[in-house]
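Student: One structure follows; several queries about it will come next.
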Amino acid sequence: MNAQDLKLKRRALEYHSLPFPGKIGIRVAKPLKNKADLALAYTPGVAHACLEIREHPSRVWDYTSKSNTIAIVTDGSRILGLGDIGPEAGLPVMEGKSMLYKWLGDVNAVPICIKENGAATIIEMCKLIQPSFGCIHLEDIKAPKCFEVLEVLEKELEVPVFHDDNQGTGMAVLAGLLNALKLARKDLGKAKIVMNGAGAAGTGITRLLLAGGAQNVIVLDSQGAIYAGRPQHMDEKKTLLASATNPNHEEGSLAQIIQGADVFIGASQGNILTPAMVQSMNSKAIVFALANPTPEIEPGLAKKAGAFIVATGSSLYENQVNNSVVFPGFMRGVLDCRAKRITLEMMTMAAHGIAEMIPRPGTHAIIPSSLEPKVAARVARRTVEAALKQGVAQTNPGNGAEYEKKVIQRIGKAQKSK
């Protein structure tokens with residue numbers, strides 16, 4: 001570990017431990033200054049809220065924090081680039097996610113770290129805790145288990161389910177790619193896109209790209225290109241991917257498939273993309289090297305090899321494509337309209353909302369900063385608009401600029417209260 005890494009380690013551990021352990025806490029949202037307040041907050045006044053909900057169950061959204069509280073559920077089996085480190089070691093990441101939700105979207109998020117690796121147990125746990133939450137956010141659960149958990153919960157829960165590694169990543173990539181292609185003067189529907197990685201992130205990205213209009217996406221796993229009829233190393237998920245991708249039935253390794261490609265997107269492992277591979281791509285090549293902590297290719301090397309635009313998942317480089325630009329605003333919108341479920345239309349509209357926050361993109365700026373409250377507000381607005389259009393919204397928080405302005409004010413107020 002070099003001196004810079006040691007300095008970061010020391011500062012990070014101090015940040016997490018001082019002046020008290022952890023990064024999040026509980027804030028009282030209503031006054032509790034006297035006996036009158038106590039009588040309303042607890043007995044006897046609380047009984048009236050209880051009885052109203054008993055008679056009209058949907059009013060739980062009106063009388064409790066369910067309407068603005070979600071659960072972040074993980075088993076710690078795929079934490080960032082650290083792998084299967086367990087639920088306790090994954091808790092700092094979940095607290096960080098909760099912190100971002102509150103600061104960037106005024107969403108209350110509770111980490112739920114489960115000491116169990118079975119999909120059935122995670123599913124059952126989510127079913128049992130759903131009365132307290134307006135949405136279940138699945139996080140850092142390894143593939144293919146995460147797919148099973150998501151599919152079952154989408155069918156069986158009464159509240160929406162959001163898989164950030166899959167859906168959030170897809171939205172962030174689509175947003176950045178829309179602006180990158182605009183700069184390259186290329187069309188999403190005509191571009192050859194090479195997606196390296198068929199796990200949760202790779203699958204989610206591919207799904208959003210197809211929903212956004214991509215026609216020629218080729219997905220690769222460790223065995224090479226996935227195509228219909230591939231005889232080995234296939235499962236149900238890869239078979240579905242094959243049926244919707246690789247229209248020209250290309251076979252081979254990454255070095256072979258990337259020739260003539262317009263876009264490379266990596267959700268795989270560090271240093272797997274070589275300068276020679278970048279050189280074999282089409283003119284004005286776009287490289288999204290998103291593996292963490294080490295990208296598929298170092299950005300400087302990609303640029304020297306001729307890449308027009310390079311993005312990574314790291315804050316150490318320009319054009320960081322990170323889920324934090326998505327989930328605070330997206331969840332704000334989901335909760336505000338009390339969406340029954342999360343749809344592809346909501347996700348594609350949210351991605352367009354992110355992209356349009358950079359009206360004049362540049363090769364060094366294709367995606368906005370997640371720290372800008374206006375970004376979350378625009379994402380929330382587009383999410384709500386799509387939900388209302390599709391009929392999955394249960395309430396209308398107000399369309400357009402007026403709703404967006406209210407979200408900006410709400411986030412600003414939440415940040416000032418710290």
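Naming scheme: A, B, ... for chains in displayed order of the structure tokens; residues 1 onward per chain; ligands 1 onward as shown.
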Just want the 10 Å neighbourhood of Glu158 in chain A, counted on only C-alpha atoms, with same-chain residues fewer than 6 positions away dropped. Output as a ChimeraX atom specification.

Tutor: /A:127,130-131,134-135,340-341

Student: I want to know what sits within 12 Å of His233 in chain A, based on only C-alpha atoms, with residues of the same chain fewer than 6 positions away left out; could you give that as a VMD selection string?

Tutor: chain A and resid 198 220 to 227 239

Student: Find the residues near Asp84 in chain A: any atom within 9 Å, counting only C-alpha atoms, skip ones fewer than 4 places away on the same chain, and give them as number ranges by chain.

Tutor: A: 75-79, 90, 141-142

Student: With C-alpha atoms kept, could you save the residues just selected as an mmCIF file, in the first residue's frame?

Tutor:
```
data_model
loop_
_atom_site.group_PDB
_atom_site.id
_atom_site.type_symbol
_atom_site.label_atom_id
_atom_site.label_comp_id
_atom_site.auth_asym_id
_atom_site.auth_seq_id
_atom_site.Cartn_x
_atom_site.Cartn_y
_atom_site.Cartn_z
ATOM 1 C CA ASP A 75 -26.549 -10.547 1.939
ATOM 2 C CA GLY A 76 -23.070 -9.147 1.387
ATOM 3 C CA SER A 77 -22.301 -11.624 -1.390
ATOM 4 C CA ARG A 78 -21.053 -9.098 -3.979
ATOM 5 C CA ILE A 79 -19.991 -5.879 -2.308
ATOM 6 C CA GLY A 90 -21.032 -4.820 3.656
ATOM 7 C CA ILE A 141 -26.397 -9.694 -4.159
ATOM 8 C CA LYS A 142 -24.360 -11.872 -6.492
#
```

Student: As a ChimeraX atom specification, please: every residue in range 24-232 of chain A that DSSP puts in strand (DSSP E or B).

Tutor: /A:69-74,79,83,108-113,135-138,161-163,192-196,216-221,224-225

Student: Store the residues picked out above in a file with C-alpha atoms, as a tab-separated table (two decimals), in the first residue's frame.

Tutor:
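Result file is selection-v3.tsv:
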```
chain	number	residue	atom	x	y	z
A	69	THR	CA	-38.89	4.96	3.81
A	70	ILE	CA	-37.26	2.10	1.94
A	71	ALA	CA	-35.21	-0.95	2.91
A	72	ILE	CA	-31.78	-1.58	1.37
A	73	VAL	CA	-31.43	-5.36	1.47
A	74	THR	CA	-28.19	-7.28	0.95
A	79	ILE	CA	-19.99	-5.88	-2.31
A	83	GLY	CA	-16.70	-9.73	-3.60
A	108	ASN	CA	-35.17	7.53	4.38
A	109	ALA	CA	-33.31	4.28	3.69
A	110	VAL	CA	-32.72	1.55	6.29
A	111	PRO	CA	-29.89	-0.98	5.73
A	112	ILE	CA	-31.03	-4.59	6.17
A	113	CYS	CA	-28.00	-6.88	6.04
A	135	CYS	CA	-40.02	0.06	-1.62
A	136	ILE	CA	-37.45	-2.73	-1.34
A	137	HIS	CA	-34.03	-1.86	-2.75
A	138	LEU	CA	-31.87	-4.91	-3.52
A	161	VAL	CA	-38.72	-3.65	-5.93
A	162	PHE	CA	-35.63	-1.85	-7.21
A	163	HIS	CA	-32.38	-3.65	-8.05
A	192	LYS	CA	-22.45	-1.74	-32.68
A	193	ILE	CA	-22.26	-2.04	-28.89
A	194	VAL	CA	-20.03	-4.60	-27.17
A	195	MET	CA	-21.18	-5.37	-23.61
A	196	ASN	CA	-18.46	-7.22	-21.71
A	216	ASN	CA	-26.97	-4.37	-32.18
A	217	VAL	CA	-25.74	-5.28	-28.71
A	218	ILE	CA	-23.34	-8.20	-28.32
A	219	VAL	CA	-22.89	-9.51	-24.78
A	220	LEU	CA	-19.77	-11.41	-23.76
A	221	ASP	CA	-19.04	-13.50	-20.69
A	224	GLY	CA	-16.76	-15.11	-25.31
A	225	ALA	CA	-19.76	-13.85	-27.24
```

Student: Neighbours of Arg381 in chain A within 9 Å (only C-alpha atoms; same-chain residues fewer than 5 positions away dropped), as a PDB file with C-alpha atoms, in the first residue's frame?

Tutor:
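Written file, result-v8.pdb:
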```
ATOM      1  CA  GLY A 329     -34.143  10.992  -7.742  1.00  0.00           C
ATOM      2  CA  PHE A 330     -35.620   7.813  -9.173  1.00  0.00           C
ATOM      3  CA  ARG A 332     -38.062  10.113  -4.918  1.00  0.00           C
ATOM      4  CA  GLY A 333     -40.334   9.820  -7.929  1.00  0.00           C
ATOM      5  CA  ALA A 350     -35.307   8.654 -16.015  1.00  0.00           C
ATOM      6  CA  GLY A 353     -33.890  13.004 -17.673  1.00  0.00           C
ATOM      7  CA  ALA A 376     -32.429  14.265  -8.702  1.00  0.00           C
ATOM      8  CA  ALA A 386     -43.732   7.815 -17.059  1.00  0.00           C
ATOM      9  CA  GLY A 398     -47.938  17.190  -9.696  1.00  0.00           C
ATOM     10  CA  ASN A 399     -46.424  17.081 -13.143  1.00  0.00           C
ATOM     11  CA  GLY A 400     -43.794  19.170 -14.809  1.00  0.00           C
ATOM     12  CA  ALA A 401     -41.786  22.114 -13.615  1.00  0.00           C
ATOM     13  CA  TYR A 403     -43.274  19.250  -9.122  1.00  0.00           C
ATOM     14  CA  GLU A 404     -39.596  19.487 -10.039  1.00  0.00           C
ATOM     15  CA  VAL A 407     -38.408  18.374  -5.115  1.00  0.00           C
TER      16      VAL A 407
END
```

Student: Near Ile24 in chain A, within 7 Å and counting only C-alpha atoms, which residues show up once chain neighbours fewer than 2 positions away are dropped, as a ChimeraX atom specification?

Tutor: /A:22,95,99

Student: What is the distance between CA of Asp165 in chain A and CA of Gly202 in chain A, in Å to one decimal?

Tutor: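 Taking CA of Asp165 in chain A as the start and CA of Gly202 in chain A as the end point, the length is 9.1 Å.
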
Student: CA of Thr312 in chain A and CA of Glu298 in chain A are how many Å apart?

Tutor: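 We find that CA of Thr312 in chain A and CA of Glu298 in chain A lie 9.0 Å from each other.
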
Student: Can you tell me how far CA of Val60 in chain A sits from CA of Gly96 in chain A, in Å to one decimal?

Tutor: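 CA of Gly96 in chain A lies 27.7 Å from CA of Val60 in chain A.
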